[in-house]
Structures are given as structure tokens and as C-alpha cells.
file structure_20.pdb (PDB, C-alpha atoms)
ATOM      1  CA  ALA A   1       0.000   0.000   0.000
ATOM      2  CA  GLN A   2       1.090   3.545  -0.652
ATOM      3  CA  LYS A   3       0.695   6.240   1.926
ATOM      4  CA  VAL A   4       1.997   9.716   2.668
ATOM      5  CA  THR A   5       1.910  11.096   6.188
ATOM      6  CA  GLN A   6       2.209  14.755   7.029
ATOM      7  CA  ALA A   7       1.884  14.693  10.774
ATOM      8  CA  GLN A   8       1.910  18.461  11.198
ATOM      9  CA  THR A   9      -1.591  19.747  10.555
ATOM     10  CA  GLU A  10      -0.778  23.393  11.110
ATOM     11  CA  ILE A  11       2.376  25.326  11.906
ATOM     12  CA  SER A  12       2.529  28.965  12.963
ATOM     13  CA  VAL A  13       5.765  30.916  12.805
ATOM     14  CA  VAL A  14       6.831  34.502  12.868
ATOM     15  CA  GLU A  15       8.414  36.012   9.807
ATOM     16  CA  LYS A  16      12.131  35.238   9.383
ATOM     17  CA  GLU A  17      11.917  32.025  11.361
ATOM     18  CA  ASP A  18      13.029  28.798   9.711
ATOM     19  CA  VAL A  19      10.415  26.072   9.462
ATOM     20  CA  THR A  20      10.550  22.410   8.461
ATOM     21  CA  LEU A  21       7.576  20.524   7.099
ATOM     22  CA  ASP A  22       7.757  16.777   7.582
ATOM     23  CA  CYS A  23       6.762  14.128   5.083
ATOM     24  CA  VAL A  24       6.974  10.392   5.598
ATOM     25  CA  TYR A  25       5.943   7.996   2.868
ATOM     26  CA  GLU A  26       5.282   4.288   2.538
ATOM     27  CA  THR A  27       5.676   2.223  -0.585
ATOM     28  CA  ARG A  28       7.018  -1.176  -1.519
ATOM     29  CA  ASP A  29       8.243   0.137  -4.836
ATOM     30  CA  THR A  30      11.907   0.892  -5.241
ATOM     31  CA  THR A  31      11.124   3.263  -8.081
ATOM     32  CA  TYR A  32       8.949   6.251  -7.384
ATOM     33  CA  TYR A  33       8.774  10.010  -7.502
ATOM     34  CA  LEU A  34       8.163  12.387  -4.632
ATOM     35  CA  PHE A  35       6.702  15.853  -4.953
ATOM     36  CA  TRP A  36       5.989  18.931  -2.908
ATOM     37  CA  TYR A  37       3.214  21.324  -3.884
ATOM     38  CA  LYS A  38       2.142  24.652  -2.433
ATOM     39  CA  GLN A  39      -1.527  25.603  -2.369
ATOM     40  CA  PRO A  40      -2.062  29.292  -1.574
ATOM     41  CA  PRO A  41      -5.510  30.625  -0.641
ATOM     42  CA  SER A  42      -6.344  31.017  -4.339
ATOM     43  CA  GLY A  43      -6.445  27.224  -4.538
ATOM     44  CA  GLU A  44      -4.107  26.608  -7.436
ATOM     45  CA  LEU A  45      -1.481  23.942  -6.797
ATOM     46  CA  VAL A  46       2.025  25.234  -7.330
ATOM     47  CA  PHE A  47       4.698  22.672  -8.135
ATOM     48  CA  LEU A  48       7.783  23.051  -5.941
ATOM     49  CA  ILE A  49       9.961  20.031  -6.495
ATOM     50  CA  ARG A  50      10.119  16.525  -7.906
ATOM     51  CA  ARG A  51      12.605  13.939  -6.724
ATOM     52  CA  ASN A  52      13.068  10.398  -8.016
ATOM     53  CA  SER A  53      13.849   7.551  -5.673
ATOM     54  CA  PHE A  54      17.355   7.089  -7.004
ATOM     55  CA  ASP A  55      18.426  10.631  -6.349
ATOM     56  CA  GLU A  56      19.053  11.243  -2.680
ATOM     57  CA  GLN A  57      20.896  14.463  -3.132
ATOM     58  CA  ASN A  58      19.478  17.256  -1.098
ATOM     59  CA  GLU A  59      18.331  20.256  -3.040
ATOM     60  CA  ILE A  60      18.310  23.943  -2.342
ATOM     61  CA  SER A  61      16.364  26.529  -4.274
ATOM     62  CA  GLY A  62      16.613  29.978  -2.800
ATOM     63  CA  ARG A  63      15.029  29.872   0.646
ATOM     64  CA  TYR A  64      13.685  26.368   0.042
ATOM     65  CA  SER A  65      15.547  23.164   0.702
ATOM     66  CA  TRP A  66      14.604  19.525   0.692
ATOM     67  CA  ASN A  67      16.077  16.605   2.605
ATOM     68  CA  PHE A  68      15.404  13.166   1.115
ATOM     69  CA  GLN A  69      16.290  10.215   3.344
ATOM     70  CA  LYS A  70      15.393   6.827   1.911
ATOM     71  CA  SER A  71      16.550   5.100   5.085
ATOM     72  CA  THR A  72      13.749   6.774   7.016
ATOM     73  CA  SER A  73      11.349   7.189   4.064
ATOM     74  CA  SER A  74      11.226  10.896   4.622
ATOM     75  CA  PHE A  75      11.237  13.875   2.310
ATOM     76  CA  ASN A  76      11.250  16.968   4.488
ATOM     77  CA  PHE A  77      10.938  20.535   3.293
ATOM     78  CA  THR A  78      12.586  23.500   4.987
ATOM     79  CA  ILE A  79      11.828  27.155   4.420
ATOM     80  CA  THR A  80      14.572  29.454   5.621
ATOM     81  CA  ALA A  81      13.757  32.965   6.770
ATOM     82  CA  SER A  82      10.036  32.493   6.220
ATOM     83  CA  GLN A  83       7.936  35.272   4.760
ATOM     84  CA  VAL A  84       4.256  36.100   4.965
ATOM     85  CA  VAL A  85       3.873  35.054   1.322
ATOM     86  CA  ASP A  86       4.882  31.548   2.333
ATOM     87  CA  SER A  87       1.557  31.163   4.131
ATOM     88  CA  ALA A  88      -0.221  28.329   2.355
ATOM     89  CA  VAL A  89      -1.027  24.658   2.582
ATOM     90  CA  TYR A  90       1.841  22.421   1.532
ATOM     91  CA  PHE A  91       1.273  18.931   0.187
ATOM     92  CA  CYS A  92       3.750  16.122  -0.136
ATOM     93  CA  ALA A  93       2.885  13.482  -2.737
ATOM     94  CA  LEU A  94       4.135  10.070  -3.857
ATOM     95  CA  ASN A  95       3.961   8.723  -7.411
ATOM     96  CA  PRO A  96       4.883   5.028  -7.382
ATOM     97  CA  LEU A  97       5.876   2.768 -10.252
ATOM     98  CA  ASN A  98       3.322   0.088  -9.398
ATOM     99  CA  THR A  99       0.559   2.413 -10.529
ATOM    100  CA  GLY A 100       2.441   3.018 -13.766
ATOM    101  CA  PHE A 101       3.226   6.421 -12.316
ATOM    102  CA  GLN A 102      -0.476   7.040 -12.866
ATOM    103  CA  LYS A 103      -1.527   7.987  -9.385
ATOM    104  CA  LEU A 104      -0.372  10.698  -7.086
ATOM    105  CA  VAL A 105      -0.864   9.809  -3.466
ATOM    106  CA  PHE A 106      -1.200  13.002  -1.471
ATOM    107  CA  GLY A 107      -0.562  13.610   2.169
ATOM    108  CA  THR A 108      -3.142  15.465   4.199
ATOM    109  CA  GLY A 109      -1.220  18.705   3.937
ATOM    110  CA  THR A 110       0.388  21.087   6.398
ATOM    111  CA  ARG A 111      -1.039  24.561   6.776
ATOM    112  CA  LEU A 112       1.715  27.099   7.326
ATOM    113  CA  LEU A 113       0.858  30.459   8.822
ATOM    114  CA  VAL A 114       3.588  33.060   8.768
ATOM    115  CA  SER A 115       2.769  36.174  10.719
ATOM    116  CA  PRO A 116       4.577  39.497  10.405
TER     117      PRO A 116
ATOM    118  CA  GLY B   1       6.251  25.129 -18.807
ATOM    119  CA  ALA B   2       3.159  23.050 -19.360
ATOM    120  CA  VAL B   3      -0.083  24.901 -18.771
ATOM    121  CA  VAL B   4      -3.445  23.458 -17.889
ATOM    122  CA  SER B   5      -6.573  25.569 -17.830
ATOM    123  CA  GLN B   6      -9.958  24.968 -16.304
ATOM    124  CA  HIS B   7     -13.231  26.592 -17.125
ATOM    125  CA  PRO B   8     -15.135  27.941 -15.372
ATOM    126  CA  SER B   9     -13.063  28.990 -12.384
ATOM    127  CA  TRP B  10     -16.185  29.142 -10.271
ATOM    128  CA  VAL B  11     -19.811  28.265 -10.816
ATOM    129  CA  ILE B  12     -23.010  28.484  -8.834
ATOM    130  CA  CYS B  13     -25.872  26.254  -9.858
ATOM    131  CA  LYS B  14     -29.227  25.227  -8.500
ATOM    132  CA  SER B  15     -29.876  21.846  -7.004
ATOM    133  CA  GLY B  16     -30.970  19.351  -9.632
ATOM    134  CA  THR B  17     -29.167  20.967 -12.533
ATOM    135  CA  SER B  18     -26.035  19.728 -14.272
ATOM    136  CA  VAL B  19     -22.788  21.576 -14.662
ATOM    137  CA  LYS B  20     -19.850  20.905 -16.957
ATOM    138  CA  ILE B  21     -16.235  21.695 -16.128
ATOM    139  CA  GLU B  22     -13.582  21.759 -18.833
ATOM    140  CA  CYS B  23      -9.925  20.927 -18.445
ATOM    141  CA  ARG B  24      -7.528  21.791 -21.252
ATOM    142  CA  SER B  25      -3.830  21.199 -21.728
ATOM    143  CA  LEU B  26      -2.772  24.304 -23.602
ATOM    144  CA  ASP B  27       0.707  23.535 -24.864
ATOM    145  CA  PHE B  28       1.042  19.774 -24.742
ATOM    146  CA  GLN B  29      -0.940  16.657 -25.489
ATOM    147  CA  ALA B  30      -2.182  14.613 -22.593
ATOM    148  CA  THR B  31      -3.252  11.030 -23.073
ATOM    149  CA  THR B  32      -4.200  10.895 -19.444
ATOM    150  CA  MET B  33      -5.945  13.454 -17.302
ATOM    151  CA  PHE B  34      -7.093  13.234 -13.729
ATOM    152  CA  TRP B  35      -9.954  14.722 -11.763
ATOM    153  CA  TYR B  36      -9.624  15.505  -8.098
ATOM    154  CA  ARG B  37     -12.022  16.809  -5.526
ATOM    155  CA  GLN B  38     -11.027  18.828  -2.499
ATOM    156  CA  PHE B  39     -13.260  19.678   0.429
ATOM    157  CA  PRO B  40     -12.356  22.647   2.628
ATOM    158  CA  LYS B  41      -9.235  22.083   4.687
ATOM    159  CA  GLN B  42      -8.779  18.603   3.289
ATOM    160  CA  SER B  43      -6.431  16.944   0.888
ATOM    161  CA  LEU B  44      -7.029  16.206  -2.767
ATOM    162  CA  MET B  45      -9.035  13.091  -3.429
ATOM    163  CA  LEU B  46      -8.636  11.412  -6.793
ATOM    164  CA  MET B  47     -12.026  10.895  -8.371
ATOM    165  CA  ALA B  48     -11.142   9.370 -11.706
ATOM    166  CA  THR B  49      -8.501   8.831 -14.337
ATOM    167  CA  SER B  50      -9.471   9.937 -17.801
ATOM    168  CA  ASN B  51      -7.815   8.366 -20.836
ATOM    169  CA  GLU B  52      -8.258   9.821 -24.286
ATOM    170  CA  GLY B  53     -10.633   7.779 -26.393
ATOM    171  CA  SER B  54     -11.662   5.373 -23.674
ATOM    172  CA  LYS B  55     -13.867   5.214 -20.627
ATOM    173  CA  ALA B  56     -12.702   6.839 -17.461
ATOM    174  CA  THR B  57     -11.585   4.770 -14.517
ATOM    175  CA  TYR B  58     -13.322   5.813 -11.332
ATOM    176  CA  GLU B  59     -11.991   5.463  -7.833
ATOM    177  CA  GLN B  60     -13.903   3.416  -5.341
ATOM    178  CA  GLY B  61     -16.886   5.266  -3.949
ATOM    179  CA  VAL B  62     -17.192   7.745  -6.820
ATOM    180  CA  GLU B  63     -20.494   7.513  -8.663
ATOM    181  CA  LYS B  64     -19.727   7.280 -12.353
ATOM    182  CA  ASP B  65     -23.304   8.111 -13.344
ATOM    183  CA  LYS B  66     -23.170  11.283 -11.331
ATOM    184  CA  PHE B  67     -19.730  12.445 -12.382
ATOM    185  CA  LEU B  68     -19.552  11.968 -16.129
ATOM    186  CA  ILE B  69     -16.100  12.247 -17.629
ATOM    187  CA  ASN B  70     -15.330  12.611 -21.303
ATOM    188  CA  HIS B  71     -11.849  12.777 -22.782
ATOM    189  CA  ALA B  72     -12.558  13.282 -26.456
ATOM    190  CA  SER B  73      -9.235  14.754 -27.498
ATOM    191  CA  LEU B  74      -5.638  14.865 -26.380
ATOM    192  CA  THR B  75      -6.096  18.351 -24.989
ATOM    193  CA  LEU B  76      -9.575  18.317 -23.468
ATOM    194  CA  SER B  77     -11.321  16.435 -20.705
ATOM    195  CA  THR B  78     -14.680  17.379 -19.261
ATOM    196  CA  LEU B  79     -16.342  16.577 -15.962
ATOM    197  CA  THR B  80     -20.113  16.885 -15.796
ATOM    198  CA  VAL B  81     -21.757  16.860 -12.409
ATOM    199  CA  THR B  82     -25.277  15.636 -13.081
ATOM    200  CA  SER B  83     -28.285  16.437 -10.921
ATOM    201  CA  ALA B  84     -26.099  18.406  -8.574
ATOM    202  CA  HIS B  85     -26.881  18.582  -4.886
ATOM    203  CA  PRO B  86     -25.481  20.864  -2.186
ATOM    204  CA  GLU B  87     -23.175  18.077  -0.999
ATOM    205  CA  ASP B  88     -21.475  18.192  -4.406
ATOM    206  CA  SER B  89     -20.259  21.679  -3.589
ATOM    207  CA  SER B  90     -16.497  21.427  -3.609
ATOM    208  CA  PHE B  91     -13.282  22.477  -5.315
ATOM    209  CA  TYR B  92     -12.616  20.389  -8.413
ATOM    210  CA  ILE B  93      -9.082  20.226  -9.779
ATOM    211  CA  CYS B  94      -7.903  18.545 -12.939
ATOM    212  CA  SER B  95      -4.416  17.571 -13.959
ATOM    213  CA  ALA B  96      -2.842  16.463 -17.201
ATOM    214  CA  ARG B  97      -0.019  13.960 -17.273
ATOM    215  CA  SER B  98       3.043  14.262 -19.445
ATOM    216  CA  GLN B  99       3.411  11.404 -21.891
ATOM    217  CA  GLY B 100       6.916  10.383 -20.914
ATOM    218  CA  PRO B 101       9.128  10.268 -17.838
ATOM    219  CA  PRO B 102       8.912  11.708 -15.280
ATOM    220  CA  TYR B 103       5.156  11.466 -15.931
ATOM    221  CA  GLU B 104       4.564  14.684 -14.146
ATOM    222  CA  GLN B 105       1.049  15.901 -13.541
ATOM    223  CA  TYR B 106       0.372  19.525 -14.384
ATOM    224  CA  PHE B 107      -2.519  20.949 -12.429
ATOM    225  CA  GLY B 108      -5.256  23.281 -13.497
ATOM    226  CA  PRO B 109      -6.254  26.236 -11.317
ATOM    227  CA  GLY B 110      -9.376  24.499 -10.043
ATOM    228  CA  THR B 111     -13.111  25.114 -10.265
ATOM    229  CA  ARG B 112     -15.146  26.048  -7.236
ATOM    230  CA  LEU B 113     -18.646  24.613  -7.487
ATOM    231  CA  THR B 114     -21.419  25.829  -5.231
ATOM    232  CA  VAL B 115     -24.797  24.135  -5.433
ATOM    233  CA  THR B 116     -27.663  26.059  -3.877
TER     234      THR B 116
END
call {"tool": "encode", "arguments": {"input": "structure_20.pdb", "output": "C-alpha cells"}}
result
Amino acid sequence: AQKVTQAQTEISVVEKEDVTLDCVYETRDTTYYLFWYKQPPSGELVFLIRRNSFDEQNEISGRYSWNFQKSTSSFNFTITASQVVDSAVYFCALNPLNTGFQKLVFGTGTRLLVSP
Amino acid sequence: GAVVSQHPSWVICKSGTSVKIECRSLDFQATTMFWYRQFPKQSLMLMATSNEGSKATYEQGVEKDKFLINHASLTLSTLTVTSAHPEDSSFYICSARSQGPPYEQYFGPGTRLTVT
């Protein structure tokens, strides 16, 4: 079975704080993709990153960074020096081979509130 | 980048009427499109997988006679909510899948349906 767990339902931080959003996934596949999406209040899903299961290199993009640890089945997302515009719901998602990469399995999302 | 549009972005209809939502891939061809439903403060729930030229595959618990899906071309899929009821009020999001690796799904901006 495939499953994505985002244990943090809601996180509140003050601007300029660093924040890490956790994502733990379950799959028996050795080949899969992992994604993070941002959903601002407008509702549109914004793609942030895709990572395949064979690439464990951490990635940094501006204030965003991702830590992929296959040993713990985690794909955590860190925002450095958070800003009010980062306030949104963030979804982690798994796309496993055994569905022919057909299905995205979403976590329940983490709502991030960044206050000034 | 790949762009997916949805029309309308929001719609209000009366109970008992039907409403059609369009999903278009604007700059690429999509053999496969997906329809998701999202209730407030919840995650995305896959409703069905739409394959061009064939019948849609519905997820368990989704009424295929109520949510009619047509994927008549490589750039257009439609979702028709028939005999809508207030409980069908939700945010409907479509995505279009790229035809090769990494099989990424590109999401539309969503359609907010309110049934009165």
C-alpha cells in the first residue's frame, strides 16, 4: 500500500523564522517520484519540487531546501527565513511505479501560517 | 512550462441541474488526465482517471453516473456533475499527465462549485 503522512496539521511561525515541514511515505516500490506542492488561498497547486527515488541528493532553491532520506522514508521541506507570502497549505505526494506512475498519493497537507 | 486551464473557475448552480467543467492542456498533449475533488481544509481526493478515447476509470466510492467524464481529445477532458446537490459543492481540480518520464502531472487552477 502507498501512503503519505504529514503529521503536522498546522504550523505557525513569525516572519524570518526557519520552518521544516515533515513528510513520511510508505511504498514497496523501489522506483517512485516524490513531490511537494504549495496551495495558496487562491487554490491553485504550485509545483515546488520533484525527486526520483534514485536521487538522494538534497536540493536547495533559494530559501527552500529539501532533505530526502530513503533510510527513514522521509522527504522533508525547509523554508529558511520564512515570509508572509509563504503562508499556504503544503502537500507532499508520492507517485509510485506500481501504478504506472499514474496515481499521485497526497498527504493530508500542512497549513503554514507566517505572521509578520 | 506546461499549462493546464480549467473553465469555469467558479460556478453556482441550483440543485438538480447539471454543470460541466472543462480541463484543457494548452501547450502539450495529454493522453491521461485526472480529476480531483477537495473539500475545505482537506487533501485532494482522486475521483477518476481519464484516458483519451476510452472510458474513465473511477476510484472506489465515486459515482460514475453522477460524475460523467469525457476525454474526447488529447487536450480536453470534461467533468459533468449531473443532478447536482449541495453536498457536491467542492473544489474540483484537474491535472494532465506528461506522456513520458517523469510522468509529471500539471494541475489546473481548479473550479469552485457551489450548489444552492
call {"tool": "resolve_selection", "arguments": {"input": "structure_20.pdb", "expression": "the PyMOL selection byres ((chain A and resi 78) around 7)", "output": "ChimeraX atom specification"}}
result
/A:19-21,64-66,76-77,79-80
call {"tool": "closest_atom_pairs", "arguments": {"input": "structure_20.pdb", "of": "chain B", "to": "chain A", "cutoff": "8 Å", "atoms": "all atoms listed in the file", "output": "Markdown table"}}
result
| residue | atom | partner | partner_atom | distance |
| --- | --- | --- | --- | --- |
| B:Gln42 | CA | A:Thr108 | CA | 6.5 |
| B:Ser43 | CA | A:Thr108 | CA | 4.9 |
| B:Leu44 | CA | A:Phe106 | CA | 6.8 |
| B:Pro102 | CA | A:Tyr33 | CA | 8.0 |
| B:Tyr103 | CA | A:Phe101 | CA | 6.5 |
| B:Phe107 | CA | A:Leu45 | CA | 6.5 |
| B:Gly108 | CA | A:Glu44 | CA | 7.0 |
| B:Pro109 | CA | A:Glu44 | CA | 4.5 |
| B:Gly110 | CA | A:Glu44 | CA | 6.2 |
call {"tool": "resolve_selection", "arguments": {"input": "structure_20.pdb", "expression": "the PyMOL selection byres ((chain B and resi 75-84) around 10)", "output": "PyMOL selection string"}}
result
chain B and resi 4-7+13-35+48+50-52+64-74+85-89+92+94-96+113-116
call {"tool": "residues_around", "arguments": {"input": "structure_20.pdb", "residues": "Lys3 (chain A)", "least_positions_apart": "4", "cutoff": "7 Å", "atoms": "all atoms listed in the file", "output": "list in words"}}
result
Tyr25, Glu26, Thr27 and Val105 of chain A
call {"tool": "closest_residue", "arguments": {"input": "structure_20.pdb", "among": "B:Ser9, B:Gln99, B:Thr57, B:Thr49", "to": "Tyr36 (chain B)", "atoms": "only C-alpha atoms"}}
result
B:Thr49
call {"tool": "closest_residue", "arguments": {"input": "structure_20.pdb", "among": "A:Thr31, A:Gln6, A:Gln83, A:Ser71", "to": "Asp18 (chain A)", "atoms": "all atoms listed in the file"}}
result
A:Gln83
call {"tool": "residues_around", "arguments": {"input": "structure_20.pdb", "residues": "Arg37 (chain B)", "least_positions_apart": "6", "cutoff": "7 Å", "atoms": "only C-alpha atoms", "output": "PDB file with C-alpha atoms, in the coordinates of the input"}}
result
ATOM      1  CA  LEU B  44      -7.029  16.206  -2.767  1.00  0.00           C
ATOM      2  CA  MET B  45      -9.035  13.091  -3.429  1.00  0.00           C
ATOM      3  CA  LEU B  46      -8.636  11.412  -6.793  1.00  0.00           C
ATOM      4  CA  MET B  47     -12.026  10.895  -8.371  1.00  0.00           C
ATOM      5  CA  SER B  90     -16.497  21.427  -3.609  1.00  0.00           C
ATOM      6  CA  PHE B  91     -13.282  22.477  -5.315  1.00  0.00           C
ATOM      7  CA  TYR B  92     -12.616  20.389  -8.413  1.00  0.00           C
ATOM      8  CA  ILE B  93      -9.082  20.226  -9.779  1.00  0.00           C
TER       9      ILE B  93
END
call {"tool": "atom_distance", "arguments": {"input": "structure_20.pdb", "atom1": "CA of Ser82 (chain A)", "atom2": "CA of Phe68 (chain A)"}}
result
20.7 Å
call {"tool": "atom_distance", "arguments": {"input": "structure_20.pdb", "atom1": "CA of Tyr37 (chain A)", "atom2": "CA of Tyr106 (chain B)"}}
result
11.0 Å
call {"tool": "closest_residue", "arguments": {"input": "structure_20.pdb", "among": "B:Gln38, B:Gln60, B:Thr111, B:Ser98", "to": "Ala2 (chain B)", "atoms": "all atoms listed in the file"}}
result
B:Ser98
call {"tool": "resolve_selection", "arguments": {"input": "structure_20.pdb", "expression": "the PyMOL selection byres ((chain A and resi 115) around 7)", "output": "PyMOL selection string"}}
result
chain A and resi 13-15+84+113-114+116
call {"tool": "atom_distance", "arguments": {"input": "structure_20.pdb", "atom1": "CA of Arg63 (chain A)", "atom2": "CA of Ala81 (chain A)"}}
result
7.0 Å
